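**Q** Sharing query_33.cif here; it has mmCIF, C-alpha atoms.
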```
data_structure
loop_
_atom_site.label_atom_id
_atom_site.label_comp_id
_atom_site.auth_asym_id
_atom_site.auth_seq_id
_atom_site.Cartn_x
_atom_site.Cartn_y
_atom_site.Cartn_z
CA MET H 642 8.82 112.63 96.59
CA GLY H 643 10.19 112.26 93.07
CA ALA H 644 12.74 109.73 94.26
CA LYS H 645 9.99 107.76 95.99
CA ARG H 646 7.92 107.59 92.78
CA ILE H 647 11.00 106.45 90.82
CA PHE H 648 11.69 103.71 93.37
CA GLU H 649 8.06 102.53 93.42
CA ALA H 650 7.92 102.47 89.62
CA SER H 651 11.20 100.53 89.53
CA LEU H 652 9.76 97.90 91.86
CA ARG H 653 6.67 97.57 89.63
CA ILE H 654 8.85 97.10 86.54
CA ALA H 655 10.97 94.50 88.34
CA TRP H 656 7.83 92.70 89.56
CA LYS H 657 6.44 92.68 86.01
CA ASP H 658 9.62 91.03 84.67
CA LEU H 659 9.65 88.46 87.45
CA LYS H 660 5.96 87.65 86.85
CA GLU H 661 6.75 87.08 83.18
CA LEU H 662 9.49 84.67 84.23
CA GLN H 663 7.04 82.91 86.55
CA ARG H 664 4.56 82.44 83.70
CA ASN H 665 7.32 80.99 81.52
CA LYS H 666 7.42 77.57 83.19
CA LEU H 667 10.23 76.27 80.97
CA GLY H 668 12.32 79.35 81.58
CA LEU H 669 11.75 79.08 85.34
CA LEU H 670 12.72 75.41 85.21
CA MET H 671 15.94 76.24 83.34
CA LEU H 672 16.74 78.99 85.85
CA VAL H 673 16.92 76.36 88.59
CA LEU H 674 18.05 73.39 86.51
CA MET H 675 21.08 75.07 84.94
CA PRO H 676 23.07 75.54 88.17
CA LEU H 677 22.00 72.09 89.37
CA LEU H 678 23.32 70.37 86.24
CA MET H 679 26.45 72.51 86.12
CA MET H 680 27.43 71.74 89.70
CA ALA H 681 26.49 68.07 89.42
CA MET H 682 28.69 67.60 86.35
CA ILE H 683 31.72 69.56 87.54
CA GLY H 684 31.46 68.43 91.14
CA PHE H 685 32.24 64.84 90.15
CA ILE H 686 34.92 65.65 87.60
CA TYR H 687 38.46 65.99 88.88
CA PRO H 688 41.27 66.53 86.38
CA SER H 689 44.36 64.38 86.39
CA GLY H 690 47.56 65.78 87.79
CA ALA H 691 49.84 67.85 85.62
CA SER H 692 53.26 69.45 85.80
CA TYR H 693 53.30 73.22 85.78
CA ASP H 694 55.81 75.95 85.22
CA MET H 695 56.84 77.01 88.73
CA SER H 696 58.73 80.18 87.76
CA ASN H 697 55.65 82.40 88.33
CA LEU H 698 55.19 81.24 91.91
CA LYS H 699 56.27 83.46 94.80
CA VAL H 700 57.71 81.88 97.95
CA GLN H 701 58.83 83.59 101.16
CA ILE H 702 61.33 82.30 103.73
CA VAL H 703 60.83 83.25 107.39
CA ASN H 704 63.83 82.60 109.65
CA SER H 705 62.48 82.27 113.21
CA ASP H 706 65.68 80.78 114.60
CA THR H 707 66.34 82.37 118.03
CA GLY H 708 69.97 81.39 117.74
CA TYR H 709 70.28 83.18 114.41
CA MET H 710 72.44 86.02 115.81
CA ASN H 711 74.94 83.59 117.35
CA THR H 712 75.28 81.05 114.55
CA THR H 713 75.27 80.84 110.79
CA LEU H 714 73.49 77.49 110.62
CA SER H 715 70.03 78.85 109.77
CA SER H 716 71.45 81.40 107.32
CA GLN H 717 73.38 78.61 105.65
CA PHE H 718 70.14 76.66 105.36
CA THR H 719 68.27 79.57 103.73
CA ASP H 720 71.18 80.23 101.37
CA ALA H 721 71.12 76.58 100.36
CA VAL H 722 67.38 76.82 99.63
CA HIS H 723 68.06 79.75 97.31
CA ALA H 724 70.86 77.83 95.58
CA VAL H 725 68.80 74.68 95.02
CA ASN H 726 65.84 76.74 93.79
CA GLN H 727 67.98 78.60 91.24
CA ALA H 728 69.54 75.38 90.05
CA SER H 729 66.37 73.37 89.55
CA VAL H 730 63.03 75.16 90.04
CA ASN H 731 63.61 78.94 89.72
CA MET H 732 60.67 80.10 91.85
CA GLN H 733 60.59 83.71 93.05
CA ILE H 734 61.93 83.44 96.62
CA SER H 735 62.04 86.39 99.03
CA THR H 736 62.67 86.90 102.76
CA GLY H 737 59.84 87.41 105.26
CA THR H 738 59.66 88.60 108.85
CA THR H 739 57.14 86.56 110.85
CA THR H 740 54.84 83.58 110.36
CA VAL H 741 51.79 85.80 110.95
CA ALA H 742 52.90 88.23 108.25
CA LEU H 743 53.59 85.29 105.94
CA THR H 744 50.07 83.89 106.44
CA ASP H 745 48.54 87.31 105.87
CA SER H 746 50.51 87.72 102.62
CA ILE H 747 49.19 84.37 101.38
CA GLN H 748 45.61 85.36 102.24
CA ARG H 749 46.07 88.62 100.35
CA GLY H 750 47.41 86.75 97.33
CA ASP H 751 50.82 88.47 97.45
CA ILE H 752 52.70 85.17 97.69
CA ASP H 753 51.85 81.51 97.09
CA ALA H 754 53.73 79.71 99.85
CA GLY H 755 56.35 80.05 102.55
CA ILE H 756 59.10 78.18 104.39
CA VAL H 757 59.36 78.73 108.15
CA VAL H 758 62.64 77.91 109.89
CA PRO H 759 61.76 77.00 113.53
CA ALA H 760 62.95 78.95 116.56
CA ASP H 761 64.94 75.94 117.83
CA PHE H 762 66.68 75.25 114.52
CA THR H 763 70.23 75.89 115.78
CA GLU H 764 69.61 73.97 119.00
CA CYS H 765 68.23 70.98 117.11
CA VAL H 766 71.12 70.85 114.67
CA LEU H 767 73.78 71.21 117.39
CA THR H 768 72.19 68.55 119.60
CA GLY H 769 71.54 66.13 116.75
CA ARG H 770 67.74 66.37 116.84
CA PRO H 771 65.63 66.81 113.66
CA ALA H 772 64.64 70.44 113.02
CA ASN H 773 61.04 70.67 111.84
CA ILE H 774 60.82 72.95 108.79
CA THR H 775 57.21 74.13 108.15
CA ILE H 776 55.86 74.79 104.68
CA ILE H 777 52.73 76.97 104.49
CA SER H 778 50.85 77.08 101.19
CA ASP H 779 47.76 78.64 99.64
CA ASN H 780 45.33 75.73 99.95
CA SER H 781 42.53 77.70 98.31
CA ASN H 782 44.19 76.41 95.14
CA PRO H 783 44.88 72.71 95.75
CA GLN H 784 46.65 72.21 92.42
CA VAL H 785 49.21 74.93 93.06
CA SER H 786 49.37 74.09 96.76
CA ALA H 787 50.24 70.46 96.05
CA GLN H 788 52.84 71.46 93.49
CA VAL H 789 54.51 74.04 95.72
CA SER H 790 54.43 71.84 98.83
CA GLY H 791 55.88 68.94 96.87
CA VAL H 792 58.69 70.98 95.36
CA LEU H 793 59.61 72.75 98.61
CA SER H 794 59.44 69.50 100.57
CA GLY H 795 61.70 67.92 97.98
CA ILE H 796 64.21 70.76 98.31
CA VAL H 797 64.32 70.47 102.10
CA GLN H 798 64.50 66.69 102.08
CA SER H 799 67.27 66.76 99.50
CA MET H 800 69.27 69.20 101.61
CA SER H 801 68.55 67.14 104.72
CA THR H 802 69.88 64.01 103.06
CA GLN H 803 73.00 65.78 101.86
CA VAL H 804 73.75 67.11 105.35
CA ALA H 805 73.25 63.68 106.90
CA GLN H 806 75.44 62.01 104.31
CA SER H 807 78.20 64.56 104.76
CA LYS H 808 78.20 64.33 108.57
CA LEU H 809 78.05 60.55 108.77
CA ALA H 810 80.52 59.95 105.98
CA SER H 811 83.03 62.20 107.73
CA ALA H 812 82.43 60.88 111.24
CA LEU H 813 82.31 57.18 110.41
CA ASN H 814 84.67 57.22 107.46
CA ILE H 815 82.05 55.65 105.20
CA THR H 816 80.76 56.43 101.74
CA ALA H 817 77.91 58.86 101.04
CA ALA H 818 75.74 55.99 99.82
CA GLU H 819 76.17 54.19 103.14
CA ALA H 820 75.51 57.38 105.09
CA ALA H 821 72.17 57.84 103.29
CA ASP H 822 70.77 54.92 105.25
CA TYR H 823 70.99 56.89 108.50
CA MET H 824 68.60 59.43 110.04
CA VAL H 825 68.27 62.79 108.29
CA PRO H 826 68.54 66.02 110.35
CA TYR H 827 65.40 67.78 109.06
CA SER H 828 61.74 66.81 108.84
CA VAL H 829 59.01 68.66 106.95
CA THR H 830 55.43 69.55 107.94
CA ALA H 831 53.24 70.94 105.15
CA GLN H 832 50.10 72.85 106.13
CA GLY H 833 47.66 75.29 104.59
CA VAL H 834 46.59 78.70 105.81
CA VAL H 835 43.42 77.07 107.16
CA GLN H 836 43.17 73.65 108.77
CA GLY H 837 42.27 70.63 106.69
CA SER H 838 42.78 69.73 103.05
CA THR H 839 41.02 71.17 100.02
CA SER H 840 39.87 69.53 96.82
CA TYR H 841 39.76 70.74 93.25
CA PHE H 842 36.02 71.28 93.61
CA GLU H 843 36.56 73.64 96.54
CA PHE H 844 38.90 75.58 94.26
CA ILE H 845 36.32 76.00 91.48
CA ALA H 846 33.10 76.28 93.53
CA PRO H 847 33.55 79.99 94.49
CA GLY H 848 34.36 80.91 90.90
CA MET H 849 31.40 78.87 89.68
CA MET H 850 29.11 80.91 91.91
CA MET H 851 30.35 84.20 90.46
CA MET H 852 30.34 82.84 86.91
CA THR H 853 26.72 81.73 87.27
CA VAL H 854 25.78 85.17 88.58
CA MET H 855 27.45 86.73 85.54
CA MET H 856 25.74 84.36 83.10
CA SER H 857 22.34 84.81 84.70
CA VAL H 858 22.52 88.59 84.56
CA MET H 859 24.00 88.88 81.09
CA THR H 860 21.89 86.20 79.38
CA GLY H 861 18.69 87.42 81.03
CA LEU H 862 19.07 91.01 79.89
CA PRO H 863 18.58 90.34 76.14
CA GLY H 864 15.28 88.67 76.95
CA ALA H 865 14.29 91.39 79.40
CA ILE H 866 15.09 94.29 77.08
CA THR H 867 15.64 93.32 73.43
CA MET H 868 12.86 90.73 73.16
CA GLU H 869 10.39 93.05 74.88
CA ARG H 870 11.33 95.76 72.41
CA GLU H 871 10.77 93.37 69.47
CA LEU H 872 7.38 92.30 70.83
CA GLY H 873 6.32 95.92 71.27
CA THR H 874 5.61 95.64 74.98
CA LEU H 875 8.48 98.01 75.73
CA ASP H 876 6.56 100.76 73.92
CA GLY H 877 3.70 100.29 76.36
CA VAL H 878 6.08 100.70 79.27
CA MET H 879 7.61 103.76 77.61
CA VAL H 880 4.31 105.63 77.34
CA ALA H 881 3.48 104.98 80.99
CA PRO H 882 3.78 108.04 83.25
CA ILE H 883 7.02 106.88 84.87
CA ASN H 884 10.59 108.07 84.72
CA ARG H 885 12.80 106.15 82.29
CA LEU H 886 15.32 105.72 85.06
CA SER H 887 12.67 103.61 86.79
CA ILE H 888 12.63 101.28 83.78
CA ILE H 889 16.39 100.79 83.96
CA LEU H 890 16.32 100.25 87.72
CA GLY H 891 13.39 97.86 87.46
CA LYS H 892 15.09 95.73 84.81
CA THR H 893 18.25 95.76 86.92
CA LEU H 894 16.45 94.66 90.08
CA ALA H 895 14.77 91.77 88.25
CA GLN H 896 18.11 90.52 86.92
CA MET H 897 19.68 90.91 90.34
CA ALA H 898 17.00 88.66 91.79
CA ARG H 899 17.67 86.03 89.10
CA GLY H 900 21.41 86.16 89.62
CA LEU H 901 21.21 85.98 93.39
CA LEU H 902 18.82 83.02 93.23
CA GLN H 903 21.17 81.00 91.06
CA GLY H 904 24.20 81.99 93.11
CA VAL H 905 22.50 80.84 96.31
CA ILE H 906 21.48 77.54 94.67
CA ILE H 907 25.10 76.82 93.74
CA MET H 908 26.32 77.77 97.21
CA LEU H 909 23.78 75.46 98.88
CA LEU H 910 24.70 72.59 96.54
CA ALA H 911 28.42 73.12 97.14
CA VAL H 912 27.97 73.06 100.92
CA THR H 913 25.36 70.33 101.29
CA LEU H 914 26.17 67.97 98.43
CA PHE H 915 29.92 68.33 98.01
CA GLY H 916 30.98 69.30 101.52
CA VAL H 917 32.49 72.68 100.68
CA THR H 918 33.29 74.61 103.87
CA ILE H 919 32.79 78.38 104.05
CA ASN H 920 35.68 79.48 106.27
CA GLY H 921 34.88 83.20 106.00
CA SER H 922 31.88 85.32 106.83
CA ILE H 923 28.61 84.11 105.28
CA LEU H 924 27.42 87.72 105.17
CA LEU H 925 30.51 88.64 103.16
CA VAL H 926 29.76 85.78 100.75
CA PHE H 927 26.25 87.15 100.14
CA GLY H 928 27.70 90.63 99.84
CA LEU H 929 30.09 89.42 97.13
CA LEU H 930 27.21 87.78 95.25
CA LEU H 931 25.33 91.07 95.31
CA LEU H 932 28.45 92.98 94.27
CA GLY H 933 28.96 90.53 91.41
CA VAL H 934 25.45 91.21 90.14
CA TYR H 935 26.03 94.95 90.42
CA SER H 936 29.31 94.67 88.50
CA PHE H 937 27.87 92.80 85.52
CA VAL H 938 24.48 94.48 85.19
CA GLY H 939 25.98 97.61 83.66
CA LEU H 940 28.01 95.58 81.18
CA GLY H 941 24.93 93.55 80.22
CA ILE H 942 22.78 96.65 79.69
CA THR H 943 25.53 98.27 77.60
CA LEU H 944 25.94 95.27 75.30
CA THR H 945 22.17 94.81 74.98
CA SER H 946 21.64 98.49 74.15
CA ILE H 947 24.03 98.44 71.20
CA ALA H 948 22.44 95.33 69.66
CA LYS H 949 19.69 95.66 67.06
CA ASP H 950 17.83 92.47 67.99
CA GLN H 951 17.77 89.66 70.53
CA GLU H 952 19.85 87.27 68.42
CA THR H 953 22.62 89.82 67.99
CA ALA H 954 22.52 90.62 71.70
CA ALA H 955 22.84 86.94 72.59
CA MET H 956 25.81 86.54 70.23
CA ILE H 957 27.56 89.56 71.74
CA MET H 958 26.96 88.26 75.26
CA THR H 959 28.39 84.83 74.37
CA THR H 960 31.44 86.40 72.75
CA VAL H 961 32.17 88.45 75.86
CA MET H 962 31.39 85.73 78.41
CA PHE H 963 33.37 82.94 76.76
CA PRO H 964 36.88 84.31 77.38
CA MET H 965 35.90 85.43 80.89
CA MET H 966 34.83 81.90 81.78
CA PHE H 967 38.20 80.37 80.91
CA LEU H 968 40.65 83.21 81.58
CA SER H 969 39.38 84.32 85.01
CA GLY H 970 41.00 81.53 87.01
CA ILE H 971 37.76 79.65 87.66
CA PHE H 972 38.83 76.30 86.24
CA PHE H 973 42.58 76.81 85.79
CA PRO H 974 45.01 78.75 88.01
CA ILE H 975 45.92 82.08 86.41
CA LYS H 976 49.54 81.75 87.56
CA MET H 977 49.87 78.62 85.45
CA MET H 978 48.72 80.37 82.25
CA PRO H 979 51.07 81.87 79.64
CA GLY H 980 52.11 85.45 80.30
CA PHE H 981 49.87 87.06 77.68
CA MET H 982 46.83 85.23 79.06
CA GLN H 983 47.65 86.45 82.57
CA THR H 984 47.69 89.99 81.18
CA ILE H 985 44.26 89.49 79.58
CA SER H 986 42.84 88.02 82.78
CA SER H 987 43.90 91.12 84.73
CA PHE H 988 41.41 93.16 82.68
CA LEU H 989 38.44 90.82 83.29
CA PRO H 990 36.06 91.69 86.16
CA LEU H 991 35.21 88.03 86.72
CA THR H 992 38.87 87.46 87.69
CA TYR H 993 38.50 89.75 90.70
CA ALA H 994 35.02 88.49 91.60
CA SER H 995 36.06 84.83 91.68
CA ASP H 996 39.35 85.65 93.44
CA ALA H 997 37.55 87.52 96.22
CA MET H 998 34.95 84.78 96.68
CA ARG H 999 37.63 82.08 96.77
CA LYS H 1000 39.69 83.92 99.38
CA VAL H 1001 36.63 84.36 101.62
CA MET H 1002 35.25 80.83 101.27
CA VAL H 1003 38.49 78.84 101.31
CA LEU H 1004 41.02 81.02 103.13
CA GLY H 1005 38.63 82.79 105.50
CA ALA H 1006 39.79 86.23 104.35
CA ASP H 1007 38.09 89.37 105.63
CA VAL H 1008 37.18 92.63 103.89
CA THR H 1009 40.63 94.17 104.31
CA GLN H 1010 42.30 91.19 102.67
CA ILE H 1011 40.12 91.40 99.55
CA SER H 1012 39.95 95.20 99.44
CA SER H 1013 41.75 95.45 96.09
CA ASP H 1014 39.28 93.03 94.46
CA LEU H 1015 36.33 94.92 95.95
CA LEU H 1016 37.67 98.23 94.68
CA VAL H 1017 38.02 96.92 91.13
CA LEU H 1018 34.48 95.50 91.12
CA VAL H 1019 32.93 98.68 92.54
CA VAL H 1020 34.75 100.93 90.07
CA PHE H 1021 34.00 98.64 87.13
CA GLY H 1022 30.30 98.47 88.03
CA ALA H 1023 30.07 102.25 88.44
CA VAL H 1024 31.81 102.94 85.13
CA MET H 1025 29.66 100.44 83.21
CA LEU H 1026 26.44 101.81 84.72
CA ALA H 1027 27.53 105.34 83.82
CA ILE H 1028 27.93 104.16 80.23
CA ALA H 1029 24.82 101.95 80.24
CA VAL H 1030 22.22 104.49 81.39
CA PRO H 1031 22.58 106.97 78.48
CA LEU H 1032 22.91 104.12 75.97
CA PHE H 1033 19.75 102.50 77.26
CA LYS H 1034 17.83 105.80 77.13
CA ARG H 1035 18.97 106.34 73.54
CA MET H 1036 17.99 102.77 72.63
CA MET H 1037 14.48 103.33 74.02
CA SER H 1038 14.09 106.49 71.96
CA ARG H 1039 14.95 104.75 68.68
#
```
Can you give me the file's structure in the form of structure tokens?
**A**
Amino acid sequence: MGAKRIFEASLRIAWKDLKELQRNKLGLLMLVLMPLLMMAMIGFIYPSGASYDMSNLKVQIVNSDTGYMNTTLSSQFTDAVHAVNQASVNMQISTGTTTVALTDSIQRGDIDAGIVVPADFTECVLTGRPANITIISDNSNPQVSAQVSGVLSGIVQSMSTQVAQSKLASALNITAAEAADYMVPYSVTAQGVVQGSTSYFEFIAPGMMMMTVMMSVMTGLPGAITMERELGTLDGVMVAPINRLSIILGKTLAQMARGLLQGVIIMLLAVTLFGVTINGSILLVFGLLLLGVYSFVGLGITLTSIAKDQETAAMIMTTVMFPMMFLSGIFFPIKMMPGFMQTISSFLPLTYASDAMRKVMVLGADVTQISSDLLVLVVFGAVMLAIAVPLFKRMMSR
């Protein structure tokens, strides 16, 4: 019965906060207008291409050649890929087992791309037919995907040309330059984990959803707690015959509603206006939005509870949110950042929230493939709430 009264009181507190937002017409307008303007601006802005340091990228080679045990042709090819990579690009190349395992590793975020040697590689080379080398990349990140596909395609094409030149020059007793005009033995097909191409906007849209959830929760809490304390209305709530836990839960539920509303607005805009395709489960997308709210509520309550007034709380929130916005891989790939920034990003909860959402929306990942991200968010949310509840109770008693 006590739990029921706490829950009912929490709903009344949440309803009170939402009614106050409804009465604040300008605030309600900004709640809806902010994600609209943000998505409209960023959705039409695409950055120019840039060259990136490729040494942080992980590539896997899968040798599917059925004639592998009887010939060294495919092993010579993979050795040559390693040699060219070390000489010019220096990506982190490893050996894989199957194409399915390779695709799963990309969806999990363990590697960035892969090279698949076809099953008929030896047969094609021995009979003079082109062997189709497949490059699979992480097209949830079109910038990195384009870079990796371009570099790997260049490596294969360069090797293909060299082989053709060597064979023809020897057979026809001509120069390498003359041999370059003839057919090359390999062709390249580049594809993503999921069908179709992705744009830069599809890369940032999932992160934008999680970032907006974070901003909504963390900027709304100073107004919901600190301003109400300054106005004296929090004292009226305090003297009511309700458990103080109900006050915390009620404030949390109100902010969750705000965050979910803005997250859904951004998702609808991304899908309807900019053609973003959700390749994963829509229920999992909503679940991640809810988990994102849960993860940041505790942090918002903690920061608000240690502030003396609303202005200080807003400044603290801005200071914490600013680095998370730019170091969590929302706008710029984390793998392309300097090493120390990558280390910082690994401690930011928004990094894992945006990564999980991007894998589900763009790569069609399931729960098992984002389990590490989910674990971090759940643990972070639980720890922050464990810290926030006693701090909030002490703040109310001051």
**Q** I need the residue set behind the PyMOL selection byres ((chain H and resi 761) around 10) for this file; please write it as a list of chain:residue names.
**A**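 The output of the PyMOL selection byres ((chain H and resi 761) around 10) on this file is H:Ser705, H:Asp706, H:Thr707, H:Gly708, H:Tyr709, H:Ser715, H:Val758, H:Pro759, H:Ala760, H:Phe762, H:Thr763, H:Glu764, H:Cys765, H:Val766, H:Ala772, H:Asn773.
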**Q** Report as a list in words all protein, DNA and RNA residues lying within 8 Å of Ile747 in chain H, evaluated on all atoms listed in the file, omitting residues in the same chain fewer than 4 positions from it.
**A**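 My list of contacting residues is Leu743, Asp751, Ile752, Asp753, Ala754, Ser778, Asp779 and Val834 of chain H.
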**Q** Could you pull the residues within 9 Å of range 846-853 of chain H, counting all atoms listed in the file, minus those fewer than 6 positions along the same chain, as a PyMOL selection string?
**A** chain H and resi 676+679-680+684+900+903-908+911+917+929-930+933-934+965-966+969-972+991-992+994-1003
**Q** Output C-alpha atoms of each residue in that selection to a file, as a PDB file, in the coordinates of the input.
**A**
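Saved as result-v3.pdb:
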```
ATOM      1  CA  PRO H 676      23.070  75.540  88.170  1.00  0.00           C
ATOM      2  CA  MET H 679      26.450  72.510  86.120  1.00  0.00           C
ATOM      3  CA  MET H 680      27.430  71.740  89.700  1.00  0.00           C
ATOM      4  CA  GLY H 684      31.460  68.430  91.140  1.00  0.00           C
ATOM      5  CA  GLY H 900      21.410  86.160  89.620  1.00  0.00           C
ATOM      6  CA  GLN H 903      21.170  81.000  91.060  1.00  0.00           C
ATOM      7  CA  GLY H 904      24.200  81.990  93.110  1.00  0.00           C
ATOM      8  CA  VAL H 905      22.500  80.840  96.310  1.00  0.00           C
ATOM      9  CA  ILE H 906      21.480  77.540  94.670  1.00  0.00           C
ATOM     10  CA  ILE H 907      25.100  76.820  93.740  1.00  0.00           C
ATOM     11  CA  MET H 908      26.320  77.770  97.210  1.00  0.00           C
ATOM     12  CA  ALA H 911      28.420  73.120  97.140  1.00  0.00           C
ATOM     13  CA  VAL H 917      32.490  72.680 100.680  1.00  0.00           C
ATOM     14  CA  LEU H 929      30.090  89.420  97.130  1.00  0.00           C
ATOM     15  CA  LEU H 930      27.210  87.780  95.250  1.00  0.00           C
ATOM     16  CA  GLY H 933      28.960  90.530  91.410  1.00  0.00           C
ATOM     17  CA  VAL H 934      25.450  91.210  90.140  1.00  0.00           C
ATOM     18  CA  MET H 965      35.900  85.430  80.890  1.00  0.00           C
ATOM     19  CA  MET H 966      34.830  81.900  81.780  1.00  0.00           C
ATOM     20  CA  SER H 969      39.380  84.320  85.010  1.00  0.00           C
ATOM     21  CA  GLY H 970      41.000  81.530  87.010  1.00  0.00           C
ATOM     22  CA  ILE H 971      37.760  79.650  87.660  1.00  0.00           C
ATOM     23  CA  PHE H 972      38.830  76.300  86.240  1.00  0.00           C
ATOM     24  CA  LEU H 991      35.210  88.030  86.720  1.00  0.00           C
ATOM     25  CA  THR H 992      38.870  87.460  87.690  1.00  0.00           C
ATOM     26  CA  ALA H 994      35.020  88.490  91.600  1.00  0.00           C
ATOM     27  CA  SER H 995      36.060  84.830  91.680  1.00  0.00           C
ATOM     28  CA  ASP H 996      39.350  85.650  93.440  1.00  0.00           C
ATOM     29  CA  ALA H 997      37.550  87.520  96.220  1.00  0.00           C
ATOM     30  CA  MET H 998      34.950  84.780  96.680  1.00  0.00           C
ATOM     31  CA  ARG H 999      37.630  82.080  96.770  1.00  0.00           C
ATOM     32  CA  LYS H1000      39.690  83.920  99.380  1.00  0.00           C
ATOM     33  CA  VAL H1001      36.630  84.360 101.620  1.00  0.00           C
ATOM     34  CA  MET H1002      35.250  80.830 101.270  1.00  0.00           C
ATOM     35  CA  VAL H1003      38.490  78.840 101.310  1.00  0.00           C
TER      36      VAL H1003
END
```
**Q** Please tell me which residues are no farther than 9 Å from (59.4, 70.8, 108.4) in the file, counting only C-alpha atoms, and write them as a ChimeraX atom specification.
**A** /H:756-759,772-776,794,797,827-831
**Q** Can you measure CA of Asn782 in chain H to CA of Leu1004 in chain H for me? One decimal in Å is fine.
**A** 9.8 Å
**Q** In terms of the shortest atom-to-atom distance over only C-alpha atoms, which of H:Gln788, H:Ser857, H:Gln748, H:Gln717 is closest to Gly921 in chain H?
**A** H:Gln748
**Q** Pick from H:Glu843, H:Asp1007, H:Asp1014, H:Glu649: nearest to Pro990 in chain H, with only C-alpha atoms counted?
**A**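 Smallest separation from Pro990 in chain H among the options: H:Asp1014.
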**Q** Quick one, how far is CA of Val1019 in chain H from CA of Ser936 in chain H?
**A** 6.7 Å
**Q** Can you measure CA of Gly1022 in chain H to CA of Leu989 in chain H for me? One decimal in Å is fine.
**A**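 So the answer is 12.1 Å.
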**Q** With all atoms listed in the file as the atoms that count, which of H:Gly941, H:Pro979, H:Pro783, H:Pro771 lies nearest to Val854 in chain H?
**A** H:Gly941
**Q** Written as a short mmCIF file (atom, residue, chain, number, x, y, z; two decimals) with C-alpha atoms, in the coordinates of the input, what is the full residue list that the PyMOL selection byres ((chain H and resi 735) around 10) yields on the file shown?
**A**
```
data_model
loop_
_atom_site.label_atom_id
_atom_site.label_comp_id
_atom_site.auth_asym_id
_atom_site.auth_seq_id
_atom_site.Cartn_x
_atom_site.Cartn_y
_atom_site.Cartn_z
CA LYS H 699 56.27 83.46 94.80
CA VAL H 700 57.71 81.88 97.95
CA GLN H 701 58.83 83.59 101.16
CA ILE H 702 61.33 82.30 103.73
CA VAL H 703 60.83 83.25 107.39
CA HIS H 723 68.06 79.75 97.31
CA MET H 732 60.67 80.10 91.85
CA GLN H 733 60.59 83.71 93.05
CA ILE H 734 61.93 83.44 96.62
CA THR H 736 62.67 86.90 102.76
CA GLY H 737 59.84 87.41 105.26
CA ILE H 752 52.70 85.17 97.69
CA GLY H 755 56.35 80.05 102.55
#
```
**Q** Given the choices H:Val792, H:Ala1023, H:Leu698, H:Leu652, which gets closest to Met978 in chain H if the distance is worked out from only C-alpha atoms?
**A**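 Using only C-alpha atoms, the shortest distance to Met978 in chain H belongs to H:Leu698.
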**Q** Residues within 12 Å of (30.0, 88.5, 72.4), file coordinates, counting only C-alpha atoms: what are they? Give the list as an mmCIF file with C-alpha atoms, keeping the file's coordinate frame.
**A**
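See part10.cif below for the written result:
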```
data_model
loop_
_atom_site.group_PDB
_atom_site.id
_atom_site.type_symbol
_atom_site.label_atom_id
_atom_site.label_comp_id
_atom_site.auth_asym_id
_atom_site.auth_seq_id
_atom_site.Cartn_x
_atom_site.Cartn_y
_atom_site.Cartn_z
ATOM 1 C CA MET H 859 24.000 88.880 81.090
ATOM 2 C CA THR H 860 21.890 86.200 79.380
ATOM 3 C CA LEU H 940 28.010 95.580 81.180
ATOM 4 C CA GLY H 941 24.930 93.550 80.220
ATOM 5 C CA THR H 943 25.530 98.270 77.600
ATOM 6 C CA LEU H 944 25.940 95.270 75.300
ATOM 7 C CA THR H 945 22.170 94.810 74.980
ATOM 8 C CA ILE H 947 24.030 98.440 71.200
ATOM 9 C CA ALA H 948 22.440 95.330 69.660
ATOM 10 C CA GLU H 952 19.850 87.270 68.420
ATOM 11 C CA THR H 953 22.620 89.820 67.990
ATOM 12 C CA ALA H 954 22.520 90.620 71.700
ATOM 13 C CA ALA H 955 22.840 86.940 72.590
ATOM 14 C CA MET H 956 25.810 86.540 70.230
ATOM 15 C CA ILE H 957 27.560 89.560 71.740
ATOM 16 C CA MET H 958 26.960 88.260 75.260
ATOM 17 C CA THR H 959 28.390 84.830 74.370
ATOM 18 C CA THR H 960 31.440 86.400 72.750
ATOM 19 C CA VAL H 961 32.170 88.450 75.860
ATOM 20 C CA MET H 962 31.390 85.730 78.410
ATOM 21 C CA PHE H 963 33.370 82.940 76.760
ATOM 22 C CA PRO H 964 36.880 84.310 77.380
ATOM 23 C CA MET H 965 35.900 85.430 80.890
#
```
**Q** Go through H:Gly795, H:Trp656, H:Ala728, H:Met982 one by one, measure the shortest atom-to-atom distance of each to Ala898 in chain H using all atoms listed in the file, and give the residue with the smallest value.
**A**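 Going through H:Gly795, H:Trp656, H:Ala728, H:Met982 one by one, the smallest distance to Ala898 in chain H is for H:Trp656.
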**Q** When you count only C-alpha atoms, which of these residues is closest to Ala721 in chain H: H:Ser790, H:Ser1012, H:Ile975, H:Ser799?
**A** H:Ser799
